[in-house]
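Visitor: See my_file_10.tsv below, with TSV, C-alpha atoms.
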chain	number	residue	atom	x	y	z
A	1	MET	CA	-69.41	-53.84	-46.20
A	2	ASN	CA	-67.95	-57.30	-45.69
A	3	LYS	CA	-65.14	-56.54	-48.15
A	4	LEU	CA	-64.33	-53.34	-46.28
A	5	ARG	CA	-64.16	-55.07	-42.92
A	6	CYS	CA	-62.02	-57.90	-44.32
A	7	PHE	CA	-59.64	-55.35	-45.84
A	8	LEU	CA	-59.13	-53.57	-42.52
A	9	VAL	CA	-58.75	-56.82	-40.59
A	10	PHE	CA	-56.13	-58.00	-43.10
A	11	ILE	CA	-54.06	-54.82	-42.67
A	12	ALA	CA	-54.27	-54.94	-38.90
A	13	ALA	CA	-53.41	-58.63	-38.72
A	14	SER	CA	-50.36	-58.12	-40.92
A	15	LEU	CA	-49.07	-55.53	-38.45
A	16	ALA	CA	-48.42	-57.83	-35.49
A	17	GLY	CA	-52.03	-58.44	-34.59
A	18	VAL	CA	-52.73	-55.05	-33.12
A	19	LEU	CA	-56.39	-54.96	-34.18
A	20	PRO	CA	-57.65	-56.97	-31.18
A	21	LEU	CA	-56.27	-54.26	-28.90
A	22	ALA	CA	-58.48	-51.69	-30.57
A	23	ALA	CA	-61.51	-53.92	-30.87
A	24	GLN	CA	-61.85	-54.20	-27.10
A	25	SER	CA	-61.85	-50.42	-26.67
A	26	GLY	CA	-64.57	-49.46	-29.19
A	27	THR	CA	-68.18	-50.42	-29.76
A	28	PRO	CA	-68.89	-51.69	-33.31
A	29	VAL	CA	-71.60	-49.75	-35.12
A	30	SER	CA	-72.99	-50.89	-38.45
A	31	PRO	CA	-71.90	-48.44	-41.17
A	32	PRO	CA	-74.31	-47.11	-43.79
A	33	PRO	CA	-74.23	-48.85	-47.19
A	34	ALA	CA	-71.09	-47.91	-49.13
A	35	PRO	CA	-71.22	-46.65	-52.71
A	36	ALA	CA	-70.62	-49.26	-55.36
A	37	ALA	CA	-67.19	-47.83	-56.15
A	38	ARG	CA	-64.65	-45.58	-54.51
A	39	LEU	CA	-64.57	-42.02	-55.73
A	40	SER	CA	-60.85	-41.43	-55.14
A	41	PRO	CA	-57.55	-43.30	-55.31
A	42	HIS	CA	-56.28	-44.65	-52.00
A	43	GLU	CA	-52.86	-44.83	-50.42
A	44	THR	CA	-51.21	-46.57	-47.46
A	45	ILE	CA	-48.20	-44.90	-45.84
A	46	SER	CA	-45.98	-46.15	-43.01
A	47	LEU	CA	-43.24	-44.90	-40.71
A	48	HIS	CA	-40.86	-46.79	-38.42
A	49	VAL	CA	-40.78	-45.08	-35.04
A	50	GLY	CA	-38.14	-45.50	-32.37
A	51	THR	CA	-34.65	-46.81	-32.98
A	52	GLY	CA	-33.16	-50.01	-34.34
A	53	ARG	CA	-33.74	-52.19	-37.39
A	54	ASN	CA	-36.94	-53.64	-35.94
A	55	ALA	CA	-38.53	-50.35	-34.91
A	56	PRO	CA	-42.35	-50.61	-34.80
A	57	LEU	CA	-44.60	-49.27	-37.54
A	58	VAL	CA	-47.22	-46.57	-37.65
A	59	THR	CA	-49.45	-46.90	-40.74
A	60	ILE	CA	-52.20	-44.72	-42.23
A	61	THR	CA	-54.59	-45.74	-45.03
A	62	TYR	CA	-56.72	-43.01	-46.62
A	63	GLY	CA	-58.54	-41.79	-49.72
A	64	ARG	CA	-56.97	-39.00	-51.81
A	65	PRO	CA	-59.59	-36.69	-53.35
A	66	LEU	CA	-58.60	-34.19	-56.05
A	67	SER	CA	-59.33	-30.48	-56.16
A	68	LYS	CA	-60.78	-30.96	-59.64
A	69	LYS	CA	-64.37	-32.21	-59.59
A	70	SER	CA	-64.64	-35.71	-61.04
A	71	GLY	CA	-65.54	-35.74	-64.73
A	72	THR	CA	-65.16	-31.97	-65.13
A	73	THR	CA	-62.50	-29.29	-65.41
A	74	GLU	CA	-63.92	-27.44	-62.39
A	75	VAL	CA	-61.34	-26.78	-59.67
A	76	ARG	CA	-63.11	-26.65	-56.34
A	77	LYS	CA	-62.36	-24.38	-53.39
A	78	ILE	CA	-61.25	-26.71	-50.59
A	79	TRP	CA	-61.00	-25.20	-47.12
A	80	GLY	CA	-64.24	-23.61	-45.99
A	81	VAL	CA	-66.23	-24.93	-48.97
A	82	LEU	CA	-65.62	-28.57	-49.95
A	83	VAL	CA	-64.22	-29.09	-46.44
A	84	PRO	CA	-66.46	-26.85	-44.29
A	85	TRP	CA	-65.18	-25.05	-41.22
A	86	GLY	CA	-66.58	-26.17	-37.90
A	87	GLN	CA	-67.59	-29.67	-39.01
A	88	VAL	CA	-65.97	-33.08	-38.67
A	89	TRP	CA	-64.25	-34.10	-41.91
A	90	ARG	CA	-63.26	-37.67	-42.73
A	91	MET	CA	-59.71	-36.55	-43.59
A	92	GLY	CA	-59.82	-38.07	-47.04
A	93	SER	CA	-62.60	-39.76	-49.00
A	94	ASP	CA	-64.62	-42.98	-49.20
A	95	GLU	CA	-63.86	-45.23	-46.18
A	96	ALA	CA	-62.86	-43.60	-42.92
A	97	THR	CA	-59.13	-42.90	-42.70
A	98	THR	CA	-57.39	-45.57	-40.62
A	99	LEU	CA	-54.39	-45.35	-38.28
A	100	ILE	CA	-52.66	-48.52	-37.07
A	101	THR	CA	-49.85	-48.37	-34.53
A	102	GLN	CA	-47.83	-51.26	-33.16
A	103	VAL	CA	-46.83	-49.30	-30.05
A	104	PRO	CA	-48.48	-46.79	-27.71
A	105	LEU	CA	-48.10	-43.22	-28.95
A	106	ASP	CA	-48.11	-39.87	-27.20
A	107	PHE	CA	-49.77	-36.91	-28.98
A	108	ASN	CA	-48.84	-33.84	-26.96
A	109	GLY	CA	-49.68	-35.56	-23.68
A	110	THR	CA	-52.55	-37.69	-25.00
A	111	GLU	CA	-51.79	-41.43	-24.91
A	112	VAL	CA	-52.99	-43.58	-27.80
A	113	PRO	CA	-52.57	-47.31	-27.00
A	114	ALA	CA	-51.31	-49.71	-29.67
A	115	GLY	CA	-54.15	-50.67	-31.98
A	116	ALA	CA	-56.29	-49.51	-34.89
A	117	TYR	CA	-58.19	-46.21	-35.01
A	118	THR	CA	-60.10	-43.89	-37.29
A	119	LEU	CA	-58.69	-40.41	-37.96
A	120	CYS	CA	-60.82	-37.36	-38.69
A	121	MET	CA	-60.25	-33.61	-38.61
A	122	PHE	CA	-62.24	-30.72	-37.19
A	123	PRO	CA	-61.11	-27.74	-39.32
A	124	ASP	CA	-61.52	-24.41	-37.55
A	125	ASP	CA	-60.84	-21.07	-39.22
A	126	LYS	CA	-61.34	-19.08	-36.01
A	127	GLY	CA	-59.53	-21.36	-33.56
A	128	THR	CA	-57.32	-24.44	-33.53
A	129	THR	CA	-57.98	-27.30	-35.95
A	130	LYS	CA	-58.17	-30.68	-34.22
A	131	LEU	CA	-57.12	-34.20	-35.16
A	132	ILE	CA	-59.81	-36.61	-33.95
A	133	ILE	CA	-58.71	-40.11	-32.93
A	134	ASN	CA	-61.64	-42.51	-32.74
A	135	LYS	CA	-61.68	-46.08	-31.42
A	136	GLN	CA	-64.32	-47.27	-33.89
A	137	ILE	CA	-63.06	-48.69	-37.19
A	138	GLY	CA	-64.56	-50.23	-40.32
A	139	GLN	CA	-67.16	-47.56	-41.11
A	140	TRP	CA	-67.69	-45.49	-44.23
A	141	GLY	CA	-66.25	-42.00	-43.79
A	142	ILE	CA	-69.61	-40.22	-43.50
A	143	PRO	CA	-71.86	-39.52	-41.75
A	144	TYR	CA	-70.09	-38.88	-38.45
A	145	THR	CA	-72.99	-39.96	-36.26
A	146	PRO	CA	-73.41	-39.47	-32.49
A	147	ALA	CA	-72.83	-43.22	-32.06
A	148	ILE	CA	-69.46	-42.93	-33.81
A	149	GLN	CA	-68.57	-39.75	-31.95
A	150	ALA	CA	-69.20	-41.56	-28.66
A	151	ASN	CA	-66.12	-43.68	-29.39
A	152	GLU	CA	-63.71	-40.76	-29.64
A	153	LEU	CA	-60.46	-41.29	-27.78
A	154	ALA	CA	-59.12	-37.75	-28.12
A	155	ARG	CA	-59.01	-34.49	-30.04
A	156	VAL	CA	-55.52	-33.04	-30.33
A	157	ASP	CA	-54.36	-29.67	-31.62
A	158	MET	CA	-52.93	-29.37	-35.12
A	159	LYS	CA	-50.52	-26.69	-36.31
A	160	LYS	CA	-51.51	-24.71	-39.41
A	161	ASP	CA	-48.97	-23.59	-42.03
A	162	THR	CA	-49.24	-21.94	-45.45
A	163	LEU	CA	-47.55	-23.70	-48.37
A	164	ASP	CA	-45.67	-21.96	-51.16
A	165	THR	CA	-46.92	-24.43	-53.77
A	166	GLN	CA	-50.50	-25.41	-54.60
A	167	VAL	CA	-51.35	-29.06	-53.79
A	168	ASP	CA	-54.11	-30.38	-56.06
A	169	GLN	CA	-54.64	-33.75	-54.38
A	170	PHE	CA	-55.19	-34.27	-50.68
A	171	THR	CA	-52.05	-35.77	-49.16
A	172	ILE	CA	-51.11	-37.20	-45.77
A	173	ALA	CA	-47.44	-37.72	-44.95
A	174	LEU	CA	-45.77	-39.52	-42.04
A	175	VAL	CA	-42.44	-37.80	-41.41
A	176	ALA	CA	-39.75	-38.93	-38.99
A	177	ASP	CA	-38.75	-36.51	-36.23
A	178	PRO	CA	-35.10	-37.27	-35.33
A	179	ALA	CA	-35.28	-34.97	-32.32
A	180	THR	CA	-37.86	-37.15	-30.58
A	181	SER	CA	-37.46	-40.52	-32.37
A	182	GLY	CA	-41.15	-40.09	-33.12
A	183	GLY	CA	-42.94	-38.65	-36.10
A	184	ILE	CA	-45.22	-35.99	-37.52
A	185	ILE	CA	-48.55	-36.45	-39.29
A	186	LYS	CA	-48.90	-33.84	-42.03
A	187	ALA	CA	-52.12	-33.28	-43.96
A	188	PHE	CA	-52.02	-30.83	-46.84
A	189	TRP	CA	-54.27	-29.66	-49.64
A	190	GLU	CA	-54.59	-26.47	-51.65
A	191	THR	CA	-52.04	-24.14	-49.98
A	192	THR	CA	-52.65	-25.20	-46.37
A	193	GLN	CA	-50.89	-27.78	-44.22
A	194	TYR	CA	-52.03	-29.10	-40.83
A	195	SER	CA	-49.64	-31.16	-38.70
A	196	VAL	CA	-49.25	-32.80	-35.32
A	197	GLY	CA	-46.28	-34.57	-33.78
A	198	PHE	CA	-46.19	-37.78	-31.78
A	199	THR	CA	-43.68	-39.86	-29.85
A	200	VAL	CA	-43.51	-43.46	-28.69
A	201	LYS	CA	-45.08	-43.64	-25.23
A	202	LYS	CA	-42.47	-44.59	-22.64
Rewrite the coordinates I just gave you, this time as structure tokens.

Guide:
Amino acid sequence: MNKLRCFLVFIAASLAGVLPLAAQSGTPVSPPPAPAARLSPHETISLHVGTGRNAPLVTITYGRPLSKKSGTTEVRKIWGVLVPWGQVWRMGSDEATTLITQVPLDFNGTEVPAGAYTLCMFPDDKGTTKLIINKQIGQWGIPYTPAIQANELARVDMKKDTLDTQVDQFTIALVADPATSGGIIKAFWETTQYSVGFTVKK
């Protein structure tokens, strides 16, 4: 647990000290004991938002599970099975997925102040899937307890699209949006993509 917290503090501190901004907005809750080893590879992605050579960064760190079950040749059904409908999903694997932004962001009218956050998803096959932005950081990805839920900042709508090509490993992409000088968070796996746009809060 200490290694996990140190890792997140290091990332946040390297991005202009934004972590203290988030720390004052969320209530720390002790996470459950983490497994001895991660089950999936991890990746950190970043995007400069705004204009100019020194445009601020938005960064996401997350685990990348595979469709194929570890140690077997079994290819698992993802949406609705491995990732159930109507339940909060950690949007990756292992530690909770982390978003760090150096500037305030606007997600379709929802303001997210500069700082560090946890990202989750609420997949919905009968309605609109939501991106959950939570002020608590440093926890293992599951369970999503009532104490963690109490620190939610917002749930924002995600757009669903069908992909032409099968994606065998869960992937998050940060894509620039030249029309708004902001960006788009895209999360895709199997043949489904969920996305949501954001801009720099004026």

Visitor: Give me, please, the distance in Å between atom CA of Phe107 of chain A and atom CA of Leu57 of chain A, quoted to one decimal.

Guide: 15.9 Å

Visitor: Please, which residues are within 7 Å of (-65.6, -46.5, -44.0) by the file's coordinates, counting all atoms listed in the file, and could they come as number ranges by chain?

Guide: A: 94-96, 138-141

Visitor: Measure the distance from atom CA of Pro104 of chain A to atom CA of Phe170 of chain A in Å and round it to one decimal.

Guide: 27.0 Å

Visitor: Leaving out segment 114-122 of chain A and any residue of its chain fewer than 3 positions from it, which residues lie within 7 Å of it when counting only C-alpha atoms, given as a VMD selection string?

Guide: chain A and resid 18 to 19 21 to 22 86 to 91 96 to 104 129 to 137

Visitor: So, with only C-alpha atoms as the atoms that count, which of A:Glu190, A:Glu111, A:Glu152, A:Asp125 lies closest to Ser67 of chain A?

Guide: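 Closest to Ser67 of chain A, using only C-alpha atoms: A:Glu190.
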
Visitor: Just give me the gap between atom CA of Lys186 of chain A and atom CA of Tyr144 of chain A in Å, one decimal is fine.

Guide: 22.1 Å

Visitor: Using the file's own x, y and z axes, so that the box edges lie along x, y and z, what centre and edge lengths in Å (one decimal) does a box around every listed atom of segment 87-99 of chain A get when 4 Å is added on each side? Give it as lines of an AutoDock Vina configuration file.

Guide:
center_x = -61.0
center_y = -37.6
center_z = -43.7
size_x = 21.2
size_y = 23.9
size_z = 18.9

Visitor: A:Thr73, A:Thr192, A:Thr128, A:Thr61: which is nearest Ile45 of chain A, counting only C-alpha atoms?

Guide: A:Thr61

Visitor: Name all residues at most 12 Å from Ser70 of chain A (count all atoms listed in the file; drop same-chain ones fewer than 5 positions away) and give them as a PyMOL selection string.

Guide: chain A and resi 38-41+65+75-76

Visitor: Restricting the calculation to only C-alpha atoms: of A:Asp157, A:Ala37, A:Ala187, A:Val196, which residue gets closest to Ala173 of chain A?

Guide: A:Ala187

Visitor: I want to know what sits within 9 Å of Leu47 of chain A, based on only C-alpha atoms, with residues of the same chain fewer than 6 positions away left out; could you give that as a PDB file with C-alpha atoms, in the coordinates of the input?

Guide:
ATOM      1  CA  PRO A  56     -42.350 -50.610 -34.800  1.00  0.00           C
ATOM      2  CA  LEU A  57     -44.600 -49.270 -37.540  1.00  0.00           C
ATOM      3  CA  VAL A  58     -47.220 -46.570 -37.650  1.00  0.00           C
ATOM      4  CA  THR A  59     -49.450 -46.900 -40.740  1.00  0.00           C
ATOM      5  CA  LEU A 174     -45.770 -39.520 -42.040  1.00  0.00           C
ATOM      6  CA  VAL A 175     -42.440 -37.800 -41.410  1.00  0.00           C
ATOM      7  CA  ALA A 176     -39.750 -38.930 -38.990  1.00  0.00           C
ATOM      8  CA  GLY A 183     -42.940 -38.650 -36.100  1.00  0.00           C
TER       9      GLY A 183
END

Visitor: Measuring between all atoms listed in the file, which one of A:Ile142, A:Ile78, A:Val112, A:Ile60 shows the shortest distance to Ala154 of chain A?

Guide: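 Selected residue with least distance to Ala154 of chain A: A:Val112.
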
Visitor: Return the single residue from A:Val167, A:Ile185, A:Ile172, A:Leu105 that is closest to Lys77 of chain A, with distances computed using all atoms listed in the file.

Guide: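 Nearest to Lys77 of chain A: A:Val167.
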
Visitor: So that I can check the surroundings of segment 108-110 of chain A, please list as a PyMOL selection string every protein, DNA and RNA residue that reaches within 10 Å of it, counting all atoms listed in the file and ignoring chain neighbours fewer than 5 positions away.

Guide: chain A and resi 153-157+196-199+201

Visitor: Pick the closest to Trp85 of chain A from A:Gly182, A:Pro123, A:Gly71, A:Pro113: which is it, counting all atoms listed in the file?

Guide: A:Pro123

Visitor: So which residues are close to (-53.8, -42.4, -51.3), meaning at most 6 Å away in the file's coordinates with all atoms listed in the file counted, and can you show them as a ChimeraX atom specification?

Guide: /A:41-43,62-64
